[in-house]
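What follows is structure-v5.tsv (TSV, C-alpha atoms).
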```tsv
chain	number	residue	atom	x	y	z
A	3	MET	CA	0.00	0.00	0.00
A	4	LEU	CA	1.11	3.55	-0.72
A	5	GLY	CA	1.87	4.94	2.70
A	6	ILE	CA	1.90	8.28	4.45
A	7	ALA	CA	5.21	9.51	3.05
A	8	GLY	CA	6.09	13.04	3.98
A	9	TYR	CA	3.11	13.77	6.22
A	10	ALA	CA	4.34	15.75	9.19
A	11	ASN	CA	1.64	14.50	11.55
A	12	GLY	CA	2.45	10.84	10.94
A	13	SER	CA	1.65	9.96	14.56
A	14	ALA	CA	-2.01	10.98	14.20
A	15	PRO	CA	-4.52	8.14	13.96
A	16	VAL	CA	-5.68	6.98	10.53
A	17	SER	CA	-9.09	8.40	9.56
A	18	ILE	CA	-9.44	6.94	6.07
A	19	GLU	CA	-7.96	3.75	4.65
A	20	VAL	CA	-8.50	2.96	0.99
A	21	ASP	CA	-7.12	-0.48	0.19
A	22	GLY	CA	-6.91	-1.95	-3.31
A	23	VAL	CA	-10.00	-0.22	-4.69
A	24	TRP	CA	-10.95	-0.84	-8.31
A	25	LYS	CA	-13.89	0.58	-10.21
A	26	ILE	CA	-14.58	-0.91	-13.63
A	27	PHE	CA	-17.73	0.13	-15.47
A	28	GLY	CA	-19.24	-2.39	-17.85
A	29	ALA	CA	-20.99	-5.75	-18.01
A	30	ASN	CA	-17.72	-7.66	-18.57
A	31	TRP	CA	-15.94	-6.11	-15.60
A	32	GLU	CA	-14.73	-9.45	-14.21
A	33	VAL	CA	-12.95	-10.37	-17.47
A	34	ALA	CA	-11.57	-6.85	-17.84
A	35	LEU	CA	-10.28	-6.82	-14.25
A	36	GLU	CA	-8.52	-10.15	-14.72
A	37	ASP	CA	-6.96	-8.94	-17.97
A	38	VAL	CA	-5.73	-5.71	-16.39
A	39	ARG	CA	-4.27	-7.54	-13.41
A	40	ALA	CA	-2.72	-10.41	-15.32
A	41	ASN	CA	-1.54	-8.66	-18.47
A	42	GLY	CA	-1.35	-5.00	-17.53
A	43	ILE	CA	-3.58	-3.87	-20.39
A	44	SER	CA	-4.17	-0.12	-20.62
A	45	LYS	CA	-7.38	1.77	-20.01
A	46	LYS	CA	-7.86	2.10	-23.79
A	47	GLU	CA	-7.26	-1.62	-24.34
A	48	ALA	CA	-9.84	-2.48	-21.65
A	49	LEU	CA	-12.37	-0.36	-23.52
A	50	ASP	CA	-11.46	-1.79	-26.95
A	51	LYS	CA	-11.29	-5.45	-25.87
A	52	HIS	CA	-13.99	-5.68	-23.21
A	53	ASN	CA	-16.12	-2.56	-23.65
A	54	CYS	CA	-15.28	-1.64	-20.05
A	55	VAL	CA	-14.05	1.63	-18.58
A	56	VAL	CA	-11.41	1.52	-15.84
A	57	GLY	CA	-12.44	4.36	-13.53
A	58	VAL	CA	-10.14	3.54	-10.60
A	59	ALA	CA	-7.24	1.09	-10.73
A	60	ASP	CA	-5.96	-0.47	-7.50
A	61	ALA	CA	-6.05	2.73	-5.42
A	62	SER	CA	-4.54	2.48	-1.94
A	63	PHE	CA	-3.77	5.27	0.51
A	64	LEU	CA	-4.15	6.41	4.12
A	65	VAL	CA	-5.41	9.78	5.35
A	66	ARG	CA	-4.51	10.82	8.88
A	67	LYS	CA	-6.88	12.59	11.26
A	68	GLY	CA	-6.90	16.33	10.54
A	69	GLU	CA	-5.00	15.98	7.27
A	70	ILE	CA	-5.96	17.74	4.04
A	71	PHE	CA	-5.27	15.12	1.38
A	72	CYS	CA	-5.45	16.45	-2.18
A	73	VAL	CA	-6.17	14.14	-5.11
A	74	MET	CA	-5.35	15.66	-8.46
A	75	GLY	CA	-5.03	14.77	-12.09
A	76	LEU	CA	-6.20	15.73	-15.54
A	77	SER	CA	-9.80	15.35	-16.67
A	78	GLY	CA	-10.65	11.64	-16.85
A	79	SER	CA	-7.88	10.58	-14.46
A	80	GLY	CA	-10.38	9.10	-11.99
A	81	LYS	CA	-10.09	11.55	-9.11
A	82	SER	CA	-13.81	12.39	-8.78
A	83	THR	CA	-14.72	8.73	-9.26
A	84	LEU	CA	-12.32	7.80	-6.46
A	85	VAL	CA	-13.67	10.28	-3.90
A	86	ARG	CA	-17.24	9.07	-4.46
A	87	HIS	CA	-16.23	5.65	-3.16
A	88	ILE	CA	-15.42	7.01	0.29
A	89	ASN	CA	-19.10	7.74	1.01
A	90	ARG	CA	-20.22	4.96	-1.35
A	91	LEU	CA	-22.01	7.15	-3.83
A	92	LEU	CA	-20.24	4.67	-6.08
A	93	GLU	CA	-19.77	1.03	-5.16
A	94	PRO	CA	-16.22	-0.28	-5.63
A	95	THR	CA	-15.83	-3.21	-8.00
A	96	VAL	CA	-13.37	-4.70	-5.53
A	97	GLY	CA	-11.47	-3.27	-2.60
A	98	ARG	CA	-11.94	-2.08	0.94
A	99	ILE	CA	-12.63	1.34	2.51
A	100	VAL	CA	-12.43	1.99	6.25
A	101	VAL	CA	-13.40	5.33	7.82
A	102	ASN	CA	-12.53	5.85	11.48
A	103	GLY	CA	-12.59	2.12	12.10
A	104	LEU	CA	-15.88	1.55	10.25
A	105	GLU	CA	-15.66	-0.66	7.17
A	106	VAL	CA	-17.81	1.38	4.81
A	107	THR	CA	-17.79	-1.24	2.06
A	108	GLU	CA	-19.61	-3.68	4.37
A	109	LEU	CA	-22.43	-1.36	5.50
A	110	GLU	CA	-26.03	-2.32	4.89
A	111	PRO	CA	-28.40	0.38	3.51
A	112	GLU	CA	-29.65	1.79	6.83
A	113	PRO	CA	-26.22	2.03	8.55
A	114	LEU	CA	-24.87	3.51	5.30
A	115	ARG	CA	-27.53	6.24	5.37
A	116	GLN	CA	-26.68	6.96	8.99
A	117	PHE	CA	-22.96	7.11	8.14
A	118	ARG	CA	-23.59	9.61	5.32
A	119	ASN	CA	-25.86	11.70	7.51
A	120	GLU	CA	-23.72	11.84	10.64
A	121	LYS	CA	-20.09	11.09	9.80
A	122	ILE	CA	-19.32	12.53	6.38
A	123	ALA	CA	-20.18	15.60	4.29
A	124	MET	CA	-19.48	16.58	0.70
A	125	VAL	CA	-19.01	19.93	-1.04
A	126	PHE	CA	-19.69	19.83	-4.77
A	127	GLN	CA	-18.44	21.98	-7.63
A	128	ASN	CA	-21.96	23.12	-8.59
A	129	PHE	CA	-22.93	24.35	-5.07
A	130	ALA	CA	-26.09	22.11	-5.02
A	131	LEU	CA	-28.16	24.65	-3.04
A	132	MET	CA	-31.95	24.31	-2.87
A	133	PRO	CA	-33.39	27.33	-4.76
A	134	HIS	CA	-36.69	27.35	-2.83
A	135	ARG	CA	-34.94	27.50	0.56
A	136	SER	CA	-33.33	30.49	2.21
A	137	VAL	CA	-29.59	30.51	2.79
A	138	LEU	CA	-30.15	29.72	6.47
A	139	ASP	CA	-32.50	26.85	5.61
A	140	ASN	CA	-29.94	25.45	3.18
A	141	VAL	CA	-27.27	25.39	5.85
A	142	ALA	CA	-29.67	23.83	8.37
A	143	MET	CA	-30.90	21.13	5.98
A	144	PRO	CA	-28.50	18.30	7.08
A	145	LEU	CA	-29.56	18.91	10.68
A	146	GLU	CA	-33.22	18.84	9.67
A	147	ILE	CA	-32.67	15.46	7.99
A	148	ARG	CA	-31.02	14.28	11.18
A	149	GLY	CA	-34.13	15.27	13.18
A	150	VAL	CA	-32.62	18.16	15.14
A	151	ASN	CA	-35.32	20.51	16.48
A	152	LYS	CA	-35.85	23.77	14.59
A	153	ASN	CA	-34.52	26.21	17.20
A	154	ARG	CA	-31.31	24.28	17.66
A	155	ARG	CA	-30.65	23.70	13.97
A	156	MET	CA	-31.30	27.34	13.07
A	157	LYS	CA	-28.98	28.51	15.85
A	158	GLN	CA	-26.27	26.12	14.70
A	159	ALA	CA	-26.75	27.09	11.03
A	160	ALA	CA	-26.47	30.78	11.95
A	161	GLU	CA	-23.19	30.08	13.77
A	162	TYR	CA	-21.70	28.44	10.69
A	163	LEU	CA	-22.93	31.20	8.39
A	164	ASP	CA	-21.11	33.61	10.68
A	165	LEU	CA	-18.02	31.41	10.47
A	166	VAL	CA	-17.95	31.83	6.67
A	167	GLU	CA	-18.73	35.56	7.06
A	168	LEU	CA	-22.27	35.43	5.64
A	169	ALA	CA	-24.24	36.09	8.81
A	170	ALA	CA	-26.19	38.96	7.21
A	171	TRP	CA	-27.35	36.84	4.25
A	172	GLY	CA	-29.33	34.13	6.03
A	173	ASN	CA	-32.75	35.31	4.79
A	174	LYS	CA	-31.67	35.61	1.15
A	175	PHE	CA	-32.11	32.96	-1.54
A	176	ALA	CA	-29.29	31.30	-3.49
A	177	HIS	CA	-29.96	33.27	-6.71
A	178	GLU	CA	-29.38	36.51	-4.80
A	179	LEU	CA	-25.80	35.51	-3.97
A	180	SER	CA	-22.67	35.55	-6.10
A	181	GLY	CA	-20.98	32.28	-7.06
A	182	GLY	CA	-18.34	32.69	-4.39
A	183	MET	CA	-20.96	33.40	-1.73
A	184	GLN	CA	-22.98	30.35	-2.80
A	185	GLN	CA	-19.91	28.17	-2.40
A	186	ARG	CA	-19.41	29.57	1.10
A	187	VAL	CA	-22.97	28.53	1.87
A	188	GLY	CA	-22.20	25.04	0.57
A	189	LEU	CA	-19.16	24.88	2.84
A	190	ALA	CA	-21.16	26.13	5.84
A	191	ARG	CA	-23.83	23.49	5.15
A	192	ALA	CA	-21.20	20.73	5.08
A	193	LEU	CA	-19.63	21.93	8.32
A	194	ALA	CA	-22.91	22.55	10.16
A	195	SER	CA	-23.52	18.83	10.57
A	196	ASP	CA	-20.11	18.54	12.27
A	197	PRO	CA	-18.90	15.62	10.12
A	198	GLU	CA	-15.80	13.62	10.92
A	199	ILE	CA	-14.80	13.60	7.23
A	200	LEU	CA	-15.13	16.35	4.61
A	201	LEU	CA	-15.08	15.46	0.91
A	202	MET	CA	-14.57	18.36	-1.51
A	203	ASP	CA	-14.90	17.71	-5.24
A	204	GLU	CA	-13.33	20.63	-7.14
A	205	PRO	CA	-15.32	23.06	-4.98
A	206	PHE	CA	-13.71	26.23	-6.33
A	207	SER	CA	-13.00	25.34	-9.96
A	208	ALA	CA	-16.09	27.10	-11.39
A	209	LEU	CA	-15.15	30.43	-9.82
A	210	ASP	CA	-13.19	33.38	-11.15
A	211	PRO	CA	-9.47	33.30	-10.22
A	212	LEU	CA	-9.66	36.10	-7.64
A	213	ILE	CA	-12.74	34.65	-5.92
A	214	ARG	CA	-11.15	31.21	-6.08
A	215	ARG	CA	-8.05	32.40	-4.28
A	216	GLN	CA	-10.13	34.16	-1.65
A	217	LEU	CA	-12.08	30.97	-1.00
A	218	GLN	CA	-8.89	28.95	-0.81
A	219	GLU	CA	-7.71	31.32	1.91
A	220	GLU	CA	-11.09	31.07	3.64
A	221	PHE	CA	-10.96	27.28	3.51
A	222	MET	CA	-7.43	27.19	4.94
A	223	ARG	CA	-8.55	29.52	7.74
A	224	LEU	CA	-11.49	27.25	8.55
A	225	ALA	CA	-9.31	24.14	8.29
A	226	SER	CA	-6.95	25.53	10.91
A	227	ILE	CA	-9.94	26.07	13.22
A	228	MET	CA	-12.04	22.96	12.53
A	229	LYS	CA	-9.25	20.37	12.06
A	230	LYS	CA	-11.48	18.32	9.76
A	231	THR	CA	-10.01	15.37	7.91
A	232	THR	CA	-10.46	16.40	4.28
A	233	VAL	CA	-10.12	14.75	0.89
A	234	PHE	CA	-9.88	17.60	-1.63
A	235	ILE	CA	-10.22	16.92	-5.36
A	236	THR	CA	-8.66	19.36	-7.82
A	237	HIS	CA	-7.18	19.51	-11.31
A	238	ASP	CA	-5.12	22.57	-10.34
A	239	LEU	CA	-1.63	21.80	-9.06
A	240	ASP	CA	-1.18	25.31	-7.65
A	241	GLU	CA	-4.33	24.79	-5.57
A	242	ALA	CA	-3.16	21.38	-4.38
A	243	VAL	CA	0.27	22.76	-3.42
A	244	ARG	CA	-1.32	25.63	-1.56
A	245	ILE	CA	-3.94	23.64	0.34
A	246	GLY	CA	-2.77	20.06	0.75
A	247	ASP	CA	-0.69	18.46	3.47
A	248	ARG	CA	-0.06	15.72	0.91
A	249	ILE	CA	-0.96	15.23	-2.73
A	250	ALA	CA	-1.88	12.11	-4.71
A	251	ILE	CA	-1.44	12.38	-8.47
A	252	MET	CA	-3.67	10.17	-10.64
A	253	ARG	CA	-3.42	9.03	-14.25
A	254	ASP	CA	-5.79	6.66	-16.07
A	255	GLY	CA	-7.46	5.69	-12.81
A	256	ALA	CA	-4.22	4.83	-10.98
A	257	ILE	CA	-2.37	6.73	-8.27
A	258	VAL	CA	1.15	7.29	-9.58
A	259	GLN	CA	2.65	9.22	-6.65
A	260	ILE	CA	1.77	10.35	-3.14
A	261	GLY	CA	3.78	12.86	-1.14
A	262	THR	CA	4.10	16.40	0.07
A	263	ALA	CA	4.36	19.11	-2.57
A	264	GLU	CA	8.06	19.23	-1.82
A	265	ASP	CA	8.45	15.43	-2.26
A	266	ILE	CA	6.73	15.51	-5.63
A	267	VAL	CA	8.50	18.59	-6.98
A	268	MET	CA	11.94	17.43	-5.84
A	269	ASN	CA	11.54	13.71	-6.62
A	270	PRO	CA	8.87	13.08	-9.27
A	271	ALA	CA	8.07	9.37	-9.65
A	272	ASP	CA	8.18	9.38	-13.45
A	273	SER	CA	8.22	11.62	-16.51
A	274	TYR	CA	4.45	12.15	-16.31
A	275	VAL	CA	4.71	13.59	-12.80
A	276	ALA	CA	7.81	15.57	-13.76
A	277	ASP	CA	5.90	17.19	-16.63
A	278	PHE	CA	2.94	17.79	-14.33
A	279	VAL	CA	4.99	19.73	-11.77
A	280	ALA	CA	7.37	21.43	-14.21
A	281	GLY	CA	5.59	24.76	-13.99
A	282	ILE	CA	5.56	24.95	-10.18
A	283	SER	CA	8.01	27.41	-8.68
A	284	ARG	CA	10.30	25.80	-6.13
A	285	LEU	CA	10.59	29.03	-4.14
A	286	LYS	CA	7.53	28.44	-1.95
A	287	VAL	CA	7.57	24.62	-2.04
A	288	VAL	CA	11.13	23.50	-1.30
A	289	LYS	CA	12.17	23.75	2.35
A	290	ALA	CA	15.53	24.11	4.06
A	291	HIS	CA	15.77	20.45	5.08
A	292	ALA	CA	15.69	19.41	1.40
A	293	VAL	CA	18.54	21.74	0.43
A	294	MET	CA	20.90	21.49	3.39
A	295	LYS	CA	24.00	19.35	3.83
A	296	PRO	CA	24.07	17.52	7.19
A	297	ILE	CA	26.29	19.48	9.53
A	298	ALA	CA	28.53	16.46	10.12
A	299	GLU	CA	29.33	16.33	6.38
A	300	TYR	CA	29.93	20.06	6.06
A	301	GLU	CA	32.23	20.87	8.93
A	302	PRO	CA	35.05	18.40	8.11
A	303	SER	CA	35.27	19.84	4.58
A	304	GLY	CA	35.08	23.53	5.45
A	305	ALA	CA	35.36	26.02	8.26
A	306	PRO	CA	33.09	25.16	11.22
A	307	LEU	CA	30.03	27.29	11.57
A	308	GLY	CA	30.54	30.12	13.98
A	309	PRO	CA	28.21	30.70	16.95
A	310	ASP	CA	26.84	33.84	15.26
A	311	SER	CA	25.88	32.13	12.00
A	312	ARG	CA	22.30	32.90	11.02
A	313	GLU	CA	19.89	30.10	11.93
A	314	PHE	CA	16.77	29.04	10.07
A	315	ASP	CA	14.09	26.49	10.89
A	316	GLU	CA	14.17	23.37	8.74
A	317	ASP	CA	10.78	24.20	7.21
A	318	VAL	CA	11.73	27.68	5.98
A	319	ASN	CA	11.13	27.93	2.23
A	320	LEU	CA	13.66	28.49	-0.52
A	321	SER	CA	12.55	32.07	-1.14
A	322	ALA	CA	13.44	33.16	2.41
A	323	LEU	CA	16.80	31.36	2.22
A	324	ILE	CA	17.69	33.12	-1.03
A	325	ASP	CA	16.86	36.51	0.53
A	326	ALA	CA	19.21	35.70	3.40
A	327	ALA	CA	21.99	34.49	1.09
A	328	ILE	CA	21.84	37.71	-0.93
A	329	LYS	CA	22.73	39.72	2.17
A	330	SER	CA	25.77	37.69	3.21
A	331	ASP	CA	28.26	35.16	1.82
A	332	ASP	CA	28.26	33.19	5.08
A	333	PRO	CA	26.66	29.72	5.15
A	334	LEU	CA	23.26	29.42	6.80
A	335	ALA	CA	22.66	27.09	9.74
A	336	VAL	CA	19.53	24.91	9.78
A	337	VAL	CA	18.02	24.02	13.16
A	338	ASP	CA	15.38	21.51	14.28
A	339	GLY	CA	12.51	22.07	16.69
A	340	ASP	CA	14.89	21.94	19.67
A	341	ARG	CA	17.08	24.63	18.07
A	342	THR	CA	19.84	22.09	17.52
A	343	ARG	CA	21.93	22.72	14.40
A	344	ILE	CA	21.35	19.87	11.97
A	345	GLY	CA	22.53	21.25	8.63
A	346	VAL	CA	24.25	23.90	6.55
A	347	ILE	CA	23.18	25.69	3.37
A	348	THR	CA	25.62	27.55	1.14
A	349	ARG	CA	25.00	29.81	-1.82
A	350	ALA	CA	26.19	26.97	-4.07
A	351	ASP	CA	23.49	24.68	-2.62
A	352	LEU	CA	20.81	27.29	-3.34
A	353	LEU	CA	22.04	27.90	-6.89
A	354	THR	CA	22.11	24.17	-7.63
A	355	THR	CA	18.51	23.78	-6.42
A	356	ILE	CA	17.33	26.73	-8.52
A	357	VAL	CA	19.14	25.54	-11.66
A	358	GLU	CA	17.80	22.00	-11.33
A	359	GLY	CA	14.29	23.42	-11.03
A	360	THR	CA	14.79	25.55	-14.13
A	361	GLU	CA	16.06	22.60	-16.14
A	362	THR	CA	13.00	20.48	-15.32
A	363	SER	CA	10.71	23.23	-16.53
```
Could you express the structure from this file as structure tokens?
Amino acid sequence: MLGIAGYANGSAPVSIEVDGVWKIFGANWEVALEDVRANGISKKEALDKHNCVVGVADASFLVRKGEIFCVMGLSGSGKSTLVRHINRLLEPTVGRIVVNGLEVTELEPEPLRQFRNEKIAMVFQNFALMPHRSVLDNVAMPLEIRGVNKNRRMKQAAEYLDLVELAAWGNKFAHELSGGMQQRVGLARALASDPEILLMDEPFSALDPLIRRQLQEEFMRLASIMKKTTVFITHDLDEAVRIGDRIAIMRDGAIVQIGTAEDIVMNPADSYVADFVAGISRLKVVKAHAVMKPIAEYEPSGAPLGPDSREFDEDVNLSALIDAAIKSDDPLAVVDGDRTRIGVITRADLLTTIVEGTETS
């Protein structure tokens, strides 16, 4: 199974486990699955030979509690199909999905409805607001379905509208709001039910770039407050880099690499991933720990670092390190959380990192 490489909070409990999930559409799925597994036929060959579409191919990953896990890929890569298996809007052909210890793939209809109602929420690209309901009623709807009394659900809905800075719009209808405001309502509705898991399927992709960036910032603000385990689907690498703790890149239904933005940019798994990340600037992605030489390797070959050498945390980005290197020729010291010096960065190290990034692009 693809593990939790690069996730800083690796000690947190696992919230979502997706294990060997396949989704093959078509009447001959059993034959197609066997052919794919035994002979490695491509997605196109499965369609040509068996009239079957491989939507998801042997997807396996873990998501830790509180993590924002981004799944990205081009159109048709299988990312939206994959996320719909977590709440079983789609049934996996084979495979296993466990959410907070509950094996979702084994749930009978009534427990599955309860799971969807109480444990998980989804934010869609098209907002999916009810036009005949007020904004406040839209936010309160999951609580109404759950049977929460009106006073309590309206109070709770109002609190979440305030959280997304739309407190004054509760009595309006969806058509009276801008696209960005409607998406905020959709987010408030998902959060109002206090789900353990949040699924977001390209929630900002239909919005103008400026509004999209504002909502990304709003989502990151809320994520820092709510600590919700989130699976976030996007086709935009910049968005994934900005939002995700880790990123999974998909192609033809398969996950080809999982890692932090830094992992993927610095060590792409193959030429497809390398092409995918070629346009991403390393300045905000690459951190000091990826550039430094271990201090034990540096000091025998050069002058020891002096006590007054400038110190930087190991997660400081490349842009800040370059600014520091411009002001002085002296090497930079890298320190860990205990302020112990663990590495050294020279101007040559920074130049090499920048040049390598330029060559890949």
Quiz item: In Å, with one decimal, what is the gap from CA of Ala176 (chain A) to CA of Ser226 (chain A)?
Solution: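 Going from CA of Ala176 (chain A) over to CA of Ser226 (chain A), I get 27.2 Å.
Going from CA of Asp315 (chain A) over to CA of Leu353 (chain A), you cover 19.5 Å.
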Exercise. Quote the spacing between CA of Arg98 (chain A) and CA of Val23 (chain A) in Å to one decimal place.
Key: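 Computing the Euclidean distance for CA of Arg98 (chain A) and CA of Val23 (chain A) yields 6.2 Å.
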Quiz item: Out of A:Met74, A:Met228, A:Leu189, A:Ala335, which residue has the shortest atom-to-atom distance to Phe126 (chain A) when counting only C-alpha atoms?
Solution: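 Of A:Met74, A:Met228, A:Leu189, A:Ala335, the one nearest Phe126 (chain A), counting only C-alpha atoms, is A:Leu189.
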Quiz item: Which one of A:Leu49, A:Ala61, A:Leu334, A:Leu179 sits closest to Pro133 (chain A) if you count all atoms listed in the file?
Solution: A:Leu179
Exercise. Select, from A:Val65, A:Ala242, A:Ala225, A:Val38, the residue with the minimum atom-to-atom distance to Ser13 (chain A), counting all atoms listed in the file.
Key: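 Selected residue with least distance to Ser13 (chain A): A:Val65.
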Quiz item: Pick the closest to Val267 (chain A) from A:Phe314, A:Thr355, A:Phe221, A:Ala326: which is it, counting all atoms listed in the file?
Solution: A:Thr355
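Shortest atom-to-atom contact with Ile260 (chain A) among A:Ala142, A:Leu64, A:Ala298, A:Leu109: A:Leu64, counting all atoms listed in the file.
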Quiz item: So, counting all atoms listed in the file, which residue among A:Gly28, A:Gly75, A:Gly345, A:Pro15 is closest to Val56 (chain A)?
Solution: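 Using all atoms listed in the file, the shortest distance to Val56 (chain A) belongs to A:Gly28.
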Quiz prompt | Polymer residues at most 12 Å from (-1.1, 15.2, 1.7) by all atoms listed in the file, as a ChimeraX atom specification | solution = /A:5-12,63-74,231-235,242-251,259-266
Quiz prompt | Sphere at (4.0, 11.1, -9.9), radius 6 Å, counting all atoms listed in the file: residues as a VMD selection string | solution = chain A and resid 251 258 to 259 270 to 272 275
Non-local contacts of region 150-164 of chain A (8 Å; only C-alpha atoms; under 6 positions in same chain excluded) as a compact mmCIF listing (two decimals) with C-alpha atoms, keeping the file's coordinate frame:
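Saved the output as selection-v2.txt:
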```txt
# COMPACT_ATOMS: atom_id res chain seq x y z
CA LEU A 138 -30.15 29.72 6.47
CA ASP A 139 -32.50 26.85 5.61
CA VAL A 141 -27.27 25.39 5.85
CA ALA A 142 -29.67 23.83 8.37
CA GLY A 172 -29.33 34.13 6.03
CA VAL A 187 -22.97 28.53 1.87
CA ALA A 190 -21.16 26.13 5.84
CA ARG A 191 -23.83 23.49 5.15
CA LEU A 193 -19.63 21.93 8.32
CA ALA A 194 -22.91 22.55 10.16
```
Completion step: region 64-71 of chain A with all heavy atoms as a compact mmCIF listing (two decimals), in the coordinates of the input:
```
# COMPACT_ATOMS: atom_id res chain seq x y z
N LEU A 64 -3.68 6.10 2.78
CA LEU A 64 -4.15 6.41 4.12
C LEU A 64 -4.28 7.93 4.24
O LEU A 64 -3.48 8.68 3.69
CB LEU A 64 -3.17 5.93 5.18
CG LEU A 64 -2.78 4.45 5.19
CD1 LEU A 64 -1.75 4.21 6.29
CD2 LEU A 64 -4.00 3.57 5.39
N VAL A 65 -5.28 8.37 5.00
CA VAL A 65 -5.41 9.78 5.35
C VAL A 65 -5.47 9.87 6.87
O VAL A 65 -6.29 9.21 7.51
CB VAL A 65 -6.68 10.42 4.74
CG1 VAL A 65 -6.74 11.90 5.08
CG2 VAL A 65 -6.71 10.22 3.23
N ARG A 66 -4.58 10.67 7.43
CA ARG A 66 -4.51 10.82 8.88
C ARG A 66 -5.55 11.82 9.38
O ARG A 66 -5.99 12.70 8.65
CB ARG A 66 -3.11 11.29 9.29
CG ARG A 66 -2.01 10.28 9.03
CD ARG A 66 -2.03 9.17 10.04
NE ARG A 66 -0.93 8.22 9.83
CZ ARG A 66 -0.71 7.18 10.61
NH1 ARG A 66 -1.51 6.94 11.64
NH2 ARG A 66 0.27 6.35 10.37
N LYS A 67 -5.92 11.69 10.63
CA LYS A 67 -6.88 12.59 11.26
C LYS A 67 -6.39 14.04 11.16
O LYS A 67 -5.25 14.34 11.52
CB LYS A 67 -7.09 12.20 12.72
CG LYS A 67 -8.14 13.03 13.45
CD LYS A 67 -8.34 12.51 14.87
CE LYS A 67 -9.32 13.39 15.64
NZ LYS A 67 -10.66 13.42 15.01
N GLY A 68 -7.24 14.92 10.66
CA GLY A 68 -6.90 16.33 10.54
C GLY A 68 -6.13 16.70 9.30
O GLY A 68 -5.86 17.88 9.07
N GLU A 69 -5.79 15.72 8.48
CA GLU A 69 -5.00 15.98 7.27
C GLU A 69 -5.88 16.48 6.13
O GLU A 69 -7.04 16.08 6.00
CB GLU A 69 -4.29 14.70 6.83
CG GLU A 69 -3.42 14.87 5.59
CD GLU A 69 -2.74 13.58 5.16
OE1 GLU A 69 -3.09 12.50 5.67
OE2 GLU A 69 -1.84 13.66 4.30
N ILE A 70 -5.34 17.38 5.31
CA ILE A 70 -5.96 17.74 4.04
C ILE A 70 -5.21 16.99 2.95
O ILE A 70 -4.04 17.28 2.67
CB ILE A 70 -5.91 19.25 3.79
CG1 ILE A 70 -6.63 20.01 4.91
CG2 ILE A 70 -6.56 19.59 2.44
CD1 ILE A 70 -6.52 21.52 4.81
N PHE A 71 -5.88 16.02 2.37
CA PHE A 71 -5.27 15.12 1.38
C PHE A 71 -5.85 15.49 0.02
O PHE A 71 -7.04 15.31 -0.23
CB PHE A 71 -5.61 13.68 1.75
CG PHE A 71 -4.95 12.64 0.89
CD1 PHE A 71 -3.66 12.22 1.13
CD2 PHE A 71 -5.64 12.05 -0.18
CE1 PHE A 71 -3.04 11.25 0.35
CE2 PHE A 71 -5.04 11.08 -0.96
CZ PHE A 71 -3.74 10.67 -0.70
```
